[in-house]
Amino acid sequence: ELCMDEIDRCHPRFICILGGRYGWVPSPRTITAEFLDSVLSGSSPAGTLTTEERTALKQIYSLIQNGGCYRLKEKPPTTNEVKVYYEQGELAVAVLQRAGLAEANKSITAAEIHHGALEKLQEAAFRFFYFREDKVTNSIPEPAAKNYREPAGSHAAQLLEQIKDRIRNPNTRGKVMTAPGQEAEVPLQWRDYSCQWDTATNRITDLRKFGDQVFTDLLNSVKAQ
């Protein structure tokens, strides 16, 4: 909620910088009782669950009596319990994705993109999207690569490409301010930015041009407003 509040405070500007990570997918806060009961019974697209999968779902969700839904339990107080809680959450998310629950496919990053831009395309605003060049992301060697890209062919990698494809699609249009009191509906503004992987320091470098571009885009938005 804090992240969403900060995004709202930055309105009418939203900057999205995406590399090769889709980000952490949290366990959905609530799930309808009908849906989760079908998952637990093995009658959902997820199929028959393992004992470990059933235990994870039952450990982190509690049924709200007369509410028709299951609610995610609060994080436990101790460090060891929190570790187990998140491990069970990752397993639960994988099961819910397999079962076809849309809410289980949205990472924190994706949720912020939807909240800050994709769900508000009819509001006049400035939306800037910057994607690291794939060739740079793909050139990062192991073991550092796990911090910069999702495993090839993984579900997370597919979800990342889906959201990038939607942003790049010229049919995805949003209202922008073009001058004081003037608006236009245009395709989203996105750019691929170049950089380099420095093997000596194990980090991404050569970001000056990218930074200058962000500054220019922001300055132009101020002039338009």
# chains A, B, ... in the order shown; residues from 1 in each chain; ligands from 1

$ residues_around --residues "stretch 189-195 of chain A" --least-positions-apart "3" --cutoff "9 Å" --atoms "only C-alpha atoms" --output "list of chain:residue names"
A:Phe126, A:Arg127, A:Phe128, A:Phe129, A:Tyr130, A:Phe131, A:Arg132, A:Glu133, A:Asp134, A:Val136, A:Ile167, A:Arg168, A:Val186, A:Ile204, A:Thr205, A:Asp206, A:Leu207, A:Arg208, A:Lys209, A:Phe210

$ select_by_dssp --residues "stretch 32-203 of chain A" --states "alpha helix (DSSP H)" --output "ChimeraX atom specification"
/A:33-41,51-60,79-99,108-113,134-139,155-168

$ residues_around --residues "A:Glu1" --least-positions-apart "4" --cutoff "12 Å" --atoms "only C-alpha atoms" --output "number ranges by chain"
A: 5-8, 108, 111-112, 115

$ residues_around --residues "stretch 81-98 of chain A" --least-positions-apart "6" --cutoff "10 Å" --atoms "only C-alpha atoms" --output "PyMOL selection string"
chain A and resi 24-28+31+35-36+39-40+44-47+49+52-61+72-75+104-106+155

$ closest_residue --among "A:Thr51, A:Gln122, A:Thr79, A:Thr109" --to "A:Cys3" --atoms "only C-alpha atoms"
A:Thr109

$ closest_residue --among "A:Ala179, A:Ala99, A:Ala157, A:Leu188" --to "A:Ser41" --atoms "only C-alpha atoms"
A:Ala99

$ select_by_dssp --residues "stretch 45-218 of chain A" --states "strand (DSSP E)" --output "number ranges by chain"
A: 61-64, 69-72, 126-132, 173-179, 182-187, 189-193, 196-198, 203-205
